[in-house]
Amino acid sequence: MDSDLADTVNGLKAIFQRRKLSCAFGKAPAELVDDLKKELRIPSRYRKFLMAADPTKVETVTPVERVRLIPAEELMSAQEAVRASPPGDWKAGWVVVAESTLLGDPYFLDVSKPDPEGDCPVYTAMSGQDKWTPTLAGSSFAQFLGILTVAMEIATGFGDAIMDDEDEDSFREALGPKVKVIDAAALRAGHWT
């Protein structure tokens with residue numbers, strides 16, 4: 001992994017540890033990653049992530065969202081599941097890499113939009129709608145992980161109590177300025193706030 005992605009992954013691991021939440025990262029086998037490259041056209045930065053920090057059991061926890069990163073061994077079945085579900089207009093260049101465990105919405109790389117560093121933007125879309133309407137969740141996979149990390153950091157101050165709408169609004173207001181520093185385009189897209 002390059003140093004930016006490694007720093008982001010280390011930050012994510014650290015916030016899990018500080019919040020005393022379990023998580024597990026492994027190393028995806030090179031053969032599996034090669035197969036995923038061929039089948040899904042996953043970009044080089046994401047392949048390096050899987051080989052160095054495969055998210056075997058990683059689910060972020062905040063007052064407004066829970067995002068489970070999909071391990072390498074489940075990526076193909078995740079693609080098949082989303083392609084088979086309505087509305088049926090899933091694009092060939094979208095690769096599911098995470099899911100909302102609260103809402104069932106996918107988070108996916110758009111591999112048709114690679115950047116010079118071998119990364120791609122991450123989008124999300126609401127499941128159960130008439131069509132998939134993507135909303136930017138991170139201008140790159142590395143920035144997406146950074147946003148998940150900062151959301152977990154902010155969630156530390158909110159405790160585990162059941163939140164009302166006012167608390168959720170307070171959380172989103174606290175998250176907005178932090179997301180802007182990591183990825184202003186993701187903030188403007190509005191998914192996190």
# chains A, B, ... in the order shown; residues from 1 in each chain; ligands from 1
$ select_by_dssp --residues "stretch 1-190 of chain A" --states "alpha helix (DSSP H)" --output "PDB file with N, CA and C atoms, in the first residue's frame"
ATOM      1  N   SER A   3       1.764   5.176   1.087  1.00  0.00           N
ATOM      2  CA  SER A   3       1.758   5.736   2.443  1.00  0.00           C
ATOM      3  C   SER A   3       0.438   6.413   2.799  1.00  0.00           C
ATOM      4  N   ASP A   4      -0.222   7.088   1.850  1.00  0.00           N
ATOM      5  CA  ASP A   4      -1.507   7.736   2.153  1.00  0.00           C
ATOM      6  C   ASP A   4      -2.553   6.711   2.558  1.00  0.00           C
ATOM      7  N   LEU A   5      -2.667   5.648   1.782  1.00  0.00           N
ATOM      8  CA  LEU A   5      -3.647   4.614   2.095  1.00  0.00           C
ATOM      9  C   LEU A   5      -3.275   3.892   3.383  1.00  0.00           C
ATOM     10  N   ALA A   6      -1.999   3.608   3.577  1.00  0.00           N
ATOM     11  CA  ALA A   6      -1.557   2.943   4.810  1.00  0.00           C
ATOM     12  C   ALA A   6      -1.889   3.795   6.034  1.00  0.00           C
ATOM     13  N   ASP A   7      -1.652   5.104   5.946  1.00  0.00           N
ATOM     14  CA  ASP A   7      -1.983   6.002   7.063  1.00  0.00           C
ATOM     15  C   ASP A   7      -3.481   5.991   7.343  1.00  0.00           C
ATOM     16  N   THR A   8      -4.284   5.989   6.288  1.00  0.00           N
ATOM     17  CA  THR A   8      -5.734   5.978   6.452  1.00  0.00           C
ATOM     18  C   THR A   8      -6.191   4.678   7.111  1.00  0.00           C
ATOM     19  N   VAL A   9      -5.666   3.556   6.659  1.00  0.00           N
ATOM     20  CA  VAL A   9      -6.028   2.260   7.242  1.00  0.00           C
ATOM     21  C   VAL A   9      -5.586   2.195   8.701  1.00  0.00           C
ATOM     22  N   ASN A  10      -4.381   2.690   9.005  1.00  0.00           N
ATOM     23  CA  ASN A  10      -3.913   2.700  10.393  1.00  0.00           C
ATOM     24  C   ASN A  10      -4.803   3.577  11.270  1.00  0.00           C
ATOM     25  N   GLY A  11      -5.271   4.702  10.717  1.00  0.00           N
ATOM     26  CA  GLY A  11      -6.194   5.560  11.461  1.00  0.00           C
ATOM     27  C   GLY A  11      -7.517   4.863  11.742  1.00  0.00           C
ATOM     28  N   LEU A  12      -8.017   4.112  10.778  1.00  0.00           N
ATOM     29  CA  LEU A  12      -9.259   3.360  10.966  1.00  0.00           C
ATOM     30  C   LEU A  12      -9.076   2.290  12.040  1.00  0.00           C
ATOM     31  N   LYS A  13      -7.974   1.564  11.981  1.00  0.00           N
ATOM     32  CA  LYS A  13      -7.696   0.539  13.000  1.00  0.00           C
ATOM     33  C   LYS A  13      -7.602   1.176  14.389  1.00  0.00           C
ATOM     34  N   ALA A  14      -6.950   2.335  14.469  1.00  0.00           N
ATOM     35  CA  ALA A  14      -6.750   3.012  15.755  1.00  0.00           C
ATOM     36  C   ALA A  14      -8.075   3.446  16.375  1.00  0.00           C
ATOM     37  N   ILE A  15      -9.018   3.937  15.559  1.00  0.00           N
ATOM     38  CA  ILE A  15     -10.285   4.382  16.143  1.00  0.00           C
ATOM     39  C   ILE A  15     -11.107   3.195  16.635  1.00  0.00           C
ATOM     40  N   PHE A  16     -11.011   2.071  15.961  1.00  0.00           N
ATOM     41  CA  PHE A  16     -11.673   0.867  16.481  1.00  0.00           C
ATOM     42  C   PHE A  16     -11.100   0.507  17.844  1.00  0.00           C
ATOM     43  N   GLN A  17      -9.790   0.582  17.960  1.00  0.00           N
ATOM     44  CA  GLN A  17      -9.135   0.247  19.220  1.00  0.00           C
ATOM     45  C   GLN A  17      -9.532   1.236  20.321  1.00  0.00           C
ATOM     46  N   ARG A  18      -9.517   2.537  20.004  1.00  0.00           N
ATOM     47  CA  ARG A  18      -9.889   3.551  21.007  1.00  0.00           C
ATOM     48  C   ARG A  18     -11.322   3.387  21.468  1.00  0.00           C
ATOM     49  N   ALA A  30      -3.086 -13.535  -3.162  1.00  0.00           N
ATOM     50  CA  ALA A  30      -2.791 -12.897  -4.443  1.00  0.00           C
ATOM     51  C   ALA A  30      -3.628 -13.496  -5.573  1.00  0.00           C
ATOM     52  N   GLU A  31      -3.854 -14.814  -5.535  1.00  0.00           N
ATOM     53  CA  GLU A  31      -4.641 -15.464  -6.592  1.00  0.00           C
ATOM     54  C   GLU A  31      -6.076 -14.922  -6.611  1.00  0.00           C
ATOM     55  N   LEU A  32      -6.662 -14.759  -5.422  1.00  0.00           N
ATOM     56  CA  LEU A  32      -8.023 -14.227  -5.326  1.00  0.00           C
ATOM     57  C   LEU A  32      -8.067 -12.793  -5.853  1.00  0.00           C
ATOM     58  N   VAL A  33      -7.108 -11.987  -5.462  1.00  0.00           N
ATOM     59  CA  VAL A  33      -7.066 -10.591  -5.904  1.00  0.00           C
ATOM     60  C   VAL A  33      -6.891 -10.524  -7.417  1.00  0.00           C
ATOM     61  N   ASP A  34      -6.065 -11.407  -7.968  1.00  0.00           N
ATOM     62  CA  ASP A  34      -5.900 -11.454  -9.430  1.00  0.00           C
ATOM     63  C   ASP A  34      -7.217 -11.809 -10.121  1.00  0.00           C
ATOM     64  N   ASP A  35      -7.945 -12.765  -9.544  1.00  0.00           N
ATOM     65  CA  ASP A  35      -9.253 -13.135 -10.107  1.00  0.00           C
ATOM     66  C   ASP A  35     -10.223 -11.954 -10.047  1.00  0.00           C
ATOM     67  N   LEU A  36     -10.215 -11.227  -8.926  1.00  0.00           N
ATOM     68  CA  LEU A  36     -11.095 -10.067  -8.780  1.00  0.00           C
ATOM     69  C   LEU A  36     -10.719  -8.964  -9.771  1.00  0.00           C
ATOM     70  N   LYS A  37      -9.429  -8.831 -10.030  1.00  0.00           N
ATOM     71  CA  LYS A  37      -8.981  -7.848 -11.026  1.00  0.00           C
ATOM     72  C   LYS A  37      -9.552  -8.198 -12.394  1.00  0.00           C
ATOM     73  N   LYS A  38      -9.482  -9.466 -12.751  1.00  0.00           N
ATOM     74  CA  LYS A  38      -9.980  -9.906 -14.056  1.00  0.00           C
ATOM     75  C   LYS A  38     -11.495  -9.790 -14.156  1.00  0.00           C
ATOM     76  N   GLU A  39     -12.183 -10.241 -13.129  1.00  0.00           N
ATOM     77  CA  GLU A  39     -13.645 -10.270 -13.152  1.00  0.00           C
ATOM     78  C   GLU A  39     -14.282  -8.896 -12.972  1.00  0.00           C
ATOM     79  N   LEU A  40     -13.727  -8.105 -12.051  1.00  0.00           N
ATOM     80  CA  LEU A  40     -14.377  -6.850 -11.664  1.00  0.00           C
ATOM     81  C   LEU A  40     -13.607  -5.597 -12.083  1.00  0.00           C
ATOM     82  N   SER A  44      -5.776  -0.688  -8.962  1.00  0.00           N
ATOM     83  CA  SER A  44      -4.565  -1.128  -8.270  1.00  0.00           C
ATOM     84  C   SER A  44      -4.550  -0.755  -6.786  1.00  0.00           C
ATOM     85  N   ARG A  45      -5.018   0.435  -6.440  1.00  0.00           N
ATOM     86  CA  ARG A  45      -4.970   0.842  -5.028  1.00  0.00           C
ATOM     87  C   ARG A  45      -5.879  -0.045  -4.175  1.00  0.00           C
ATOM     88  N   TYR A  46      -7.038  -0.386  -4.696  1.00  0.00           N
ATOM     89  CA  TYR A  46      -7.945  -1.247  -3.954  1.00  0.00           C
ATOM     90  C   TYR A  46      -7.372  -2.673  -3.860  1.00  0.00           C
ATOM     91  N   ARG A  47      -6.720  -3.136  -4.925  1.00  0.00           N
ATOM     92  CA  ARG A  47      -6.083  -4.457  -4.881  1.00  0.00           C
ATOM     93  C   ARG A  47      -5.006  -4.491  -3.796  1.00  0.00           C
ATOM     94  N   LYS A  48      -4.212  -3.435  -3.724  1.00  0.00           N
ATOM     95  CA  LYS A  48      -3.158  -3.373  -2.695  1.00  0.00           C
ATOM     96  C   LYS A  48      -3.768  -3.336  -1.298  1.00  0.00           C
ATOM     97  N   PHE A  49      -4.891  -2.640  -1.166  1.00  0.00           N
ATOM     98  CA  PHE A  49      -5.593  -2.613   0.119  1.00  0.00           C
ATOM     99  C   PHE A  49      -5.991  -4.031   0.520  1.00  0.00           C
ATOM    100  N   LEU A  50      -6.605  -4.779  -0.389  1.00  0.00           N
ATOM    101  CA  LEU A  50      -7.051  -6.138  -0.072  1.00  0.00           C
ATOM    102  C   LEU A  50      -5.878  -7.042   0.295  1.00  0.00           C
ATOM    103  N   MET A  51      -4.754  -6.872  -0.381  1.00  0.00           N
ATOM    104  CA  MET A  51      -3.607  -7.739  -0.107  1.00  0.00           C
ATOM    105  C   MET A  51      -2.926  -7.404   1.217  1.00  0.00           C
ATOM    106  N   ALA A  52      -3.054  -6.158   1.674  1.00  0.00           N
ATOM    107  CA  ALA A  52      -2.404  -5.739   2.915  1.00  0.00           C
ATOM    108  C   ALA A  52      -3.361  -5.640   4.099  1.00  0.00           C
ATOM    109  N   ALA A  53      -4.648  -5.366   3.835  1.00  0.00           N
ATOM    110  CA  ALA A  53      -5.591  -5.107   4.931  1.00  0.00           C
ATOM    111  C   ALA A  53      -7.012  -5.550   4.546  1.00  0.00           C
ATOM    112  N   LEU A  75     -16.591 -10.513  -2.230  1.00  0.00           N
ATOM    113  CA  LEU A  75     -16.831  -9.477  -3.236  1.00  0.00           C
ATOM    114  C   LEU A  75     -17.645  -9.981  -4.428  1.00  0.00           C
ATOM    115  N   MET A  76     -17.350 -11.147  -4.940  1.00  0.00           N
ATOM    116  CA  MET A  76     -18.093 -11.654  -6.103  1.00  0.00           C
ATOM    117  C   MET A  76     -19.563 -11.892  -5.756  1.00  0.00           C
ATOM    118  N   SER A  77     -19.829 -12.495  -4.601  1.00  0.00           N
ATOM    119  CA  SER A  77     -21.229 -12.743  -4.235  1.00  0.00           C
ATOM    120  C   SER A  77     -21.965 -11.435  -3.970  1.00  0.00           C
ATOM    121  N   ALA A  78     -21.271 -10.415  -3.465  1.00  0.00           N
ATOM    122  CA  ALA A  78     -21.905  -9.107  -3.249  1.00  0.00           C
ATOM    123  C   ALA A  78     -22.314  -8.494  -4.577  1.00  0.00           C
ATOM    124  N   GLN A  79     -21.449  -8.647  -5.604  1.00  0.00           N
ATOM    125  CA  GLN A  79     -21.781  -8.117  -6.935  1.00  0.00           C
ATOM    126  C   GLN A  79     -23.004  -8.832  -7.489  1.00  0.00           C
ATOM    127  N   GLU A  80     -23.012 -10.151  -7.377  1.00  0.00           N
ATOM    128  CA  GLU A  80     -24.117 -10.939  -7.910  1.00  0.00           C
ATOM    129  C   GLU A  80     -25.429 -10.574  -7.232  1.00  0.00           C
ATOM    130  N   ALA A  81     -25.377 -10.358  -5.915  1.00  0.00           N
ATOM    131  CA  ALA A  81     -26.595 -10.024  -5.171  1.00  0.00           C
ATOM    132  C   ALA A  81     -27.168  -8.677  -5.611  1.00  0.00           C
ATOM    133  N   VAL A  82     -26.313  -7.674  -5.756  1.00  0.00           N
ATOM    134  CA  VAL A  82     -26.818  -6.353  -6.128  1.00  0.00           C
ATOM    135  C   VAL A  82     -27.279  -6.323  -7.586  1.00  0.00           C
ATOM    136  N   ARG A  83     -26.596  -7.057  -8.450  1.00  0.00           N
ATOM    137  CA  ARG A  83     -27.012  -7.118  -9.858  1.00  0.00           C
ATOM    138  C   ARG A  83     -28.361  -7.798 -10.016  1.00  0.00           C
ATOM    139  N   ALA A  84     -28.633  -8.767  -9.155  1.00  0.00           N
ATOM    140  CA  ALA A  84     -29.881  -9.529  -9.245  1.00  0.00           C
ATOM    141  C   ALA A  84     -31.061  -8.805  -8.605  1.00  0.00           C
ATOM    142  N   PHE A 141     -11.217   5.819  -2.865  1.00  0.00           N
ATOM    143  CA  PHE A 141     -11.407   4.829  -1.807  1.00  0.00           C
ATOM    144  C   PHE A 141     -10.685   5.265  -0.533  1.00  0.00           C
ATOM    145  N   ALA A 142      -9.476   5.817  -0.683  1.00  0.00           N
ATOM    146  CA  ALA A 142      -8.723   6.276   0.480  1.00  0.00           C
ATOM    147  C   ALA A 142      -9.490   7.372   1.230  1.00  0.00           C
ATOM    148  N   GLN A 143     -10.084   8.310   0.496  1.00  0.00           N
ATOM    149  CA  GLN A 143     -10.850   9.373   1.149  1.00  0.00           C
ATOM    150  C   GLN A 143     -12.114   8.810   1.805  1.00  0.00           C
ATOM    151  N   PHE A 144     -12.740   7.827   1.182  1.00  0.00           N
ATOM    152  CA  PHE A 144     -13.902   7.167   1.772  1.00  0.00           C
ATOM    153  C   PHE A 144     -13.531   6.558   3.129  1.00  0.00           C
ATOM    154  N   LEU A 145     -12.401   5.861   3.190  1.00  0.00           N
ATOM    155  CA  LEU A 145     -11.954   5.290   4.471  1.00  0.00           C
ATOM    156  C   LEU A 145     -11.663   6.395   5.491  1.00  0.00           C
ATOM    157  N   GLY A 146     -11.095   7.504   5.021  1.00  0.00           N
ATOM    158  CA  GLY A 146     -10.830   8.633   5.917  1.00  0.00           C
ATOM    159  C   GLY A 146     -12.114   9.204   6.498  1.00  0.00           C
ATOM    160  N   ILE A 147     -13.151   9.292   5.691  1.00  0.00           N
ATOM    161  CA  ILE A 147     -14.442   9.801   6.168  1.00  0.00           C
ATOM    162  C   ILE A 147     -15.041   8.834   7.182  1.00  0.00           C
ATOM    163  N   LEU A 148     -14.958   7.526   6.913  1.00  0.00           N
ATOM    164  CA  LEU A 148     -15.454   6.548   7.885  1.00  0.00           C
ATOM    165  C   LEU A 148     -14.726   6.681   9.219  1.00  0.00           C
ATOM    166  N   THR A 149     -13.422   6.922   9.148  1.00  0.00           N
ATOM    167  CA  THR A 149     -12.618   7.061  10.359  1.00  0.00           C
ATOM    168  C   THR A 149     -13.037   8.285  11.162  1.00  0.00           C
ATOM    169  N   VAL A 150     -13.163   9.425  10.499  1.00  0.00           N
ATOM    170  CA  VAL A 150     -13.521  10.645  11.216  1.00  0.00           C
ATOM    171  C   VAL A 150     -14.951  10.550  11.767  1.00  0.00           C
ATOM    172  N   ALA A 151     -15.833   9.877  11.059  1.00  0.00           N
ATOM    173  CA  ALA A 151     -17.200   9.674  11.576  1.00  0.00           C
ATOM    174  C   ALA A 151     -17.171   8.839  12.854  1.00  0.00           C
ATOM    175  N   MET A 152     -16.305   7.822  12.874  1.00  0.00           N
ATOM    176  CA  MET A 152     -16.164   7.015  14.089  1.00  0.00           C
ATOM    177  C   MET A 152     -15.585   7.836  15.237  1.00  0.00           C
ATOM    178  N   GLU A 153     -14.645   8.722  14.926  1.00  0.00           N
ATOM    179  CA  GLU A 153     -14.067   9.591  15.963  1.00  0.00           C
ATOM    180  C   GLU A 153     -15.130  10.498  16.560  1.00  0.00           C
ATOM    181  N   ILE A 154     -15.929  11.122  15.715  1.00  0.00           N
ATOM    182  CA  ILE A 154     -16.974  12.026  16.199  1.00  0.00           C
ATOM    183  C   ILE A 154     -18.021  11.246  16.992  1.00  0.00           C
ATOM    184  N   ALA A 155     -18.328  10.035  16.558  1.00  0.00           N
ATOM    185  CA  ALA A 155     -19.331   9.213  17.245  1.00  0.00           C
ATOM    186  C   ALA A 155     -18.925   8.894  18.673  1.00  0.00           C
ATOM    187  N   ASP A 165     -33.931  12.734  16.527  1.00  0.00           N
ATOM    188  CA  ASP A 165     -33.585  13.487  15.319  1.00  0.00           C
ATOM    189  C   ASP A 165     -32.634  14.645  15.610  1.00  0.00           C
ATOM    190  N   GLU A 166     -32.811  15.289  16.749  1.00  0.00           N
ATOM    191  CA  GLU A 166     -31.965  16.423  17.114  1.00  0.00           C
ATOM    192  C   GLU A 166     -30.514  15.964  17.320  1.00  0.00           C
ATOM    193  N   ASP A 167     -30.335  14.806  17.972  1.00  0.00           N
ATOM    194  CA  ASP A 167     -28.990  14.262  18.172  1.00  0.00           C
ATOM    195  C   ASP A 167     -28.344  13.899  16.831  1.00  0.00           C
ATOM    196  N   GLU A 168     -29.128  13.302  15.942  1.00  0.00           N
ATOM    197  CA  GLU A 168     -28.606  12.950  14.619  1.00  0.00           C
ATOM    198  C   GLU A 168     -28.173  14.205  13.867  1.00  0.00           C
ATOM    199  N   ASP A 169     -28.977  15.263  13.963  1.00  0.00           N
ATOM    200  CA  ASP A 169     -28.613  16.524  13.316  1.00  0.00           C
ATOM    201  C   ASP A 169     -27.311  17.074  13.902  1.00  0.00           C
ATOM    202  N   SER A 170     -27.157  16.981  15.225  1.00  0.00           N
ATOM    203  CA  SER A 170     -25.926  17.455  15.872  1.00  0.00           C
ATOM    204  C   SER A 170     -24.717  16.667  15.396  1.00  0.00           C
ATOM    205  N   PHE A 171     -24.890  15.346  15.264  1.00  0.00           N
ATOM    206  CA  PHE A 171     -23.793  14.505  14.773  1.00  0.00           C
ATOM    207  C   PHE A 171     -23.400  14.929  13.357  1.00  0.00           C
ATOM    208  N   ARG A 172     -24.382  15.079  12.476  1.00  0.00           N
ATOM    209  CA  ARG A 172     -24.104  15.449  11.089  1.00  0.00           C
ATOM    210  C   ARG A 172     -23.458  16.837  11.008  1.00  0.00           C
ATOM    211  N   GLU A 173     -23.894  17.759  11.868  1.00  0.00           N
ATOM    212  CA  GLU A 173     -23.287  19.096  11.888  1.00  0.00           C
ATOM    213  C   GLU A 173     -21.823  19.030  12.320  1.00  0.00           C
ATOM    214  N   ALA A 174     -21.513  18.153  13.255  1.00  0.00           N
ATOM    215  CA  ALA A 174     -20.121  17.989  13.697  1.00  0.00           C
ATOM    216  C   ALA A 174     -19.283  17.300  12.628  1.00  0.00           C
ATOM    217  N   LEU A 175     -19.904  16.404  11.870  1.00  0.00           N
ATOM    218  CA  LEU A 175     -19.190  15.655  10.838  1.00  0.00           C
ATOM    219  C   LEU A 175     -18.857  16.516   9.614  1.00  0.00           C
ATOM    220  N   GLY A 176     -19.752  17.407   9.234  1.00  0.00           N
ATOM    221  CA  GLY A 176     -19.588  18.197   8.015  1.00  0.00           C
ATOM    222  C   GLY A 176     -18.236  18.867   7.852  1.00  0.00           C
ATOM    223  N   PRO A 177     -17.780  19.661   8.830  1.00  0.00           N
ATOM    224  CA  PRO A 177     -16.487  20.341   8.672  1.00  0.00           C
ATOM    225  C   PRO A 177     -15.303  19.364   8.547  1.00  0.00           C
ATOM    226  N   LYS A 178     -15.406  18.223   9.207  1.00  0.00           N
ATOM    227  CA  LYS A 178     -14.328  17.222   9.124  1.00  0.00           C
ATOM    228  C   LYS A 178     -14.301  16.574   7.735  1.00  0.00           C
ATOM    229  N   VAL A 179     -15.480  16.293   7.182  1.00  0.00           N
ATOM    230  CA  VAL A 179     -15.548  15.719   5.836  1.00  0.00           C
ATOM    231  C   VAL A 179     -15.001  16.717   4.827  1.00  0.00           C
ATOM    232  N   LYS A 180     -15.296  17.994   5.026  1.00  0.00           N
ATOM    233  CA  LYS A 180     -14.828  19.028   4.094  1.00  0.00           C
ATOM    234  C   LYS A 180     -13.311  19.031   3.984  1.00  0.00           C
ATOM    235  N   VAL A 181     -12.618  18.818   5.097  1.00  0.00           N
ATOM    236  CA  VAL A 181     -11.156  18.787   5.101  1.00  0.00           C
ATOM    237  C   VAL A 181     -10.641  17.581   4.306  1.00  0.00           C
ATOM    238  N   ILE A 182     -11.317  16.448   4.439  1.00  0.00           N
ATOM    239  CA  ILE A 182     -10.889  15.219   3.760  1.00  0.00           C
ATOM    240  C   ILE A 182     -11.279  15.238   2.294  1.00  0.00           C
ATOM    241  N   ALA A 184     -13.916  17.719   0.008  1.00  0.00           N
ATOM    242  CA  ALA A 184     -14.940  18.756  -0.158  1.00  0.00           C
ATOM    243  C   ALA A 184     -16.027  18.324  -1.141  1.00  0.00           C
ATOM    244  N   ALA A 185     -15.661  17.581  -2.181  1.00  0.00           N
ATOM    245  CA  ALA A 185     -16.653  17.132  -3.157  1.00  0.00           C
ATOM    246  C   ALA A 185     -17.662  16.175  -2.530  1.00  0.00           C
ATOM    247  N   ALA A 186     -17.201  15.302  -1.655  1.00  0.00           N
ATOM    248  CA  ALA A 186     -18.101  14.377  -0.955  1.00  0.00           C
ATOM    249  C   ALA A 186     -19.039  15.147  -0.031  1.00  0.00           C
ATOM    250  N   LEU A 187     -18.524  16.187   0.611  1.00  0.00           N
ATOM    251  CA  LEU A 187     -19.386  17.000   1.467  1.00  0.00           C
ATOM    252  C   LEU A 187     -20.479  17.668   0.624  1.00  0.00           C
ATOM    253  N   ARG A 188     -20.098  18.251  -0.516  1.00  0.00           N
ATOM    254  CA  ARG A 188     -21.079  18.919  -1.378  1.00  0.00           C
ATOM    255  C   ARG A 188     -22.143  17.936  -1.890  1.00  0.00           C
ATOM    256  N   ALA A 189     -21.762  16.688  -2.094  1.00  0.00           N
ATOM    257  CA  ALA A 189     -22.719  15.689  -2.591  1.00  0.00           C
ATOM    258  C   ALA A 189     -23.831  15.425  -1.580  1.00  0.00           C
TER     259      ALA A 189
END
$ residues_around --residues "A:Val97" --least-positions-apart "3" --cutoff "8 Å" --atoms "only C-alpha atoms" --output "JSON, numbers by chain"
{"A": [69, 70, 75, 106, 107, 108, 109]}
$ atom_distance --atom1 "atom CA of A:Asp54" --atom2 "atom CA of A:Ser139"
20.7 Å
$ select_by_dssp --residues "chain A" --states "strand (DSSP E)" --output "PyMOL selection string"
chain A and resi 24-26+54-61+66-69+94-100+106-110+122-124+135-138
$ closest_residue --among "A:Cys23, A:Trp192, A:Asp89, A:Thr56" --to "A:Tyr123" --atoms "only C-alpha atoms"
A:Trp192
$ closest_residue --among "A:Val64, A:Val122, A:Val111, A:Ala28" --to "A:Lys91" --atoms "only C-alpha atoms"
A:Val111
$ residues_around --residues "A:Asp115" --least-positions-apart "4" --cutoff "10 Å" --atoms "only C-alpha atoms" --output "list of chain:residue names"
A:Pro43, A:Val111, A:Asp119, A:Cys120, A:Pro121, A:Ser139, A:Ser140
$ atom_distance --atom1 "atom CA of A:Leu103" --atom2 "atom CA of A:Phe25"
23.8 Å
$ closest_residue --among "A:Arg19, A:Lys131, A:Arg41, A:His191" --to "A:Trp94" --atoms "only C-alpha atoms"
A:Arg41
$ atom_distance --atom1 "atom CA of A:Gly190" --atom2 "atom CA of A:Ser22"
29.0 Å
$ closest_residue --among "A:Ser85, A:Gly118, A:Glu59, A:Ala125" --to "A:Thr101" --atoms "only C-alpha atoms"
A:Glu59
$ closest_residue --among "A:Gly128, A:Pro116, A:Ile42, A:Glu65" --to "A:Val95" --atoms "only C-alpha atoms"
A:Ile42
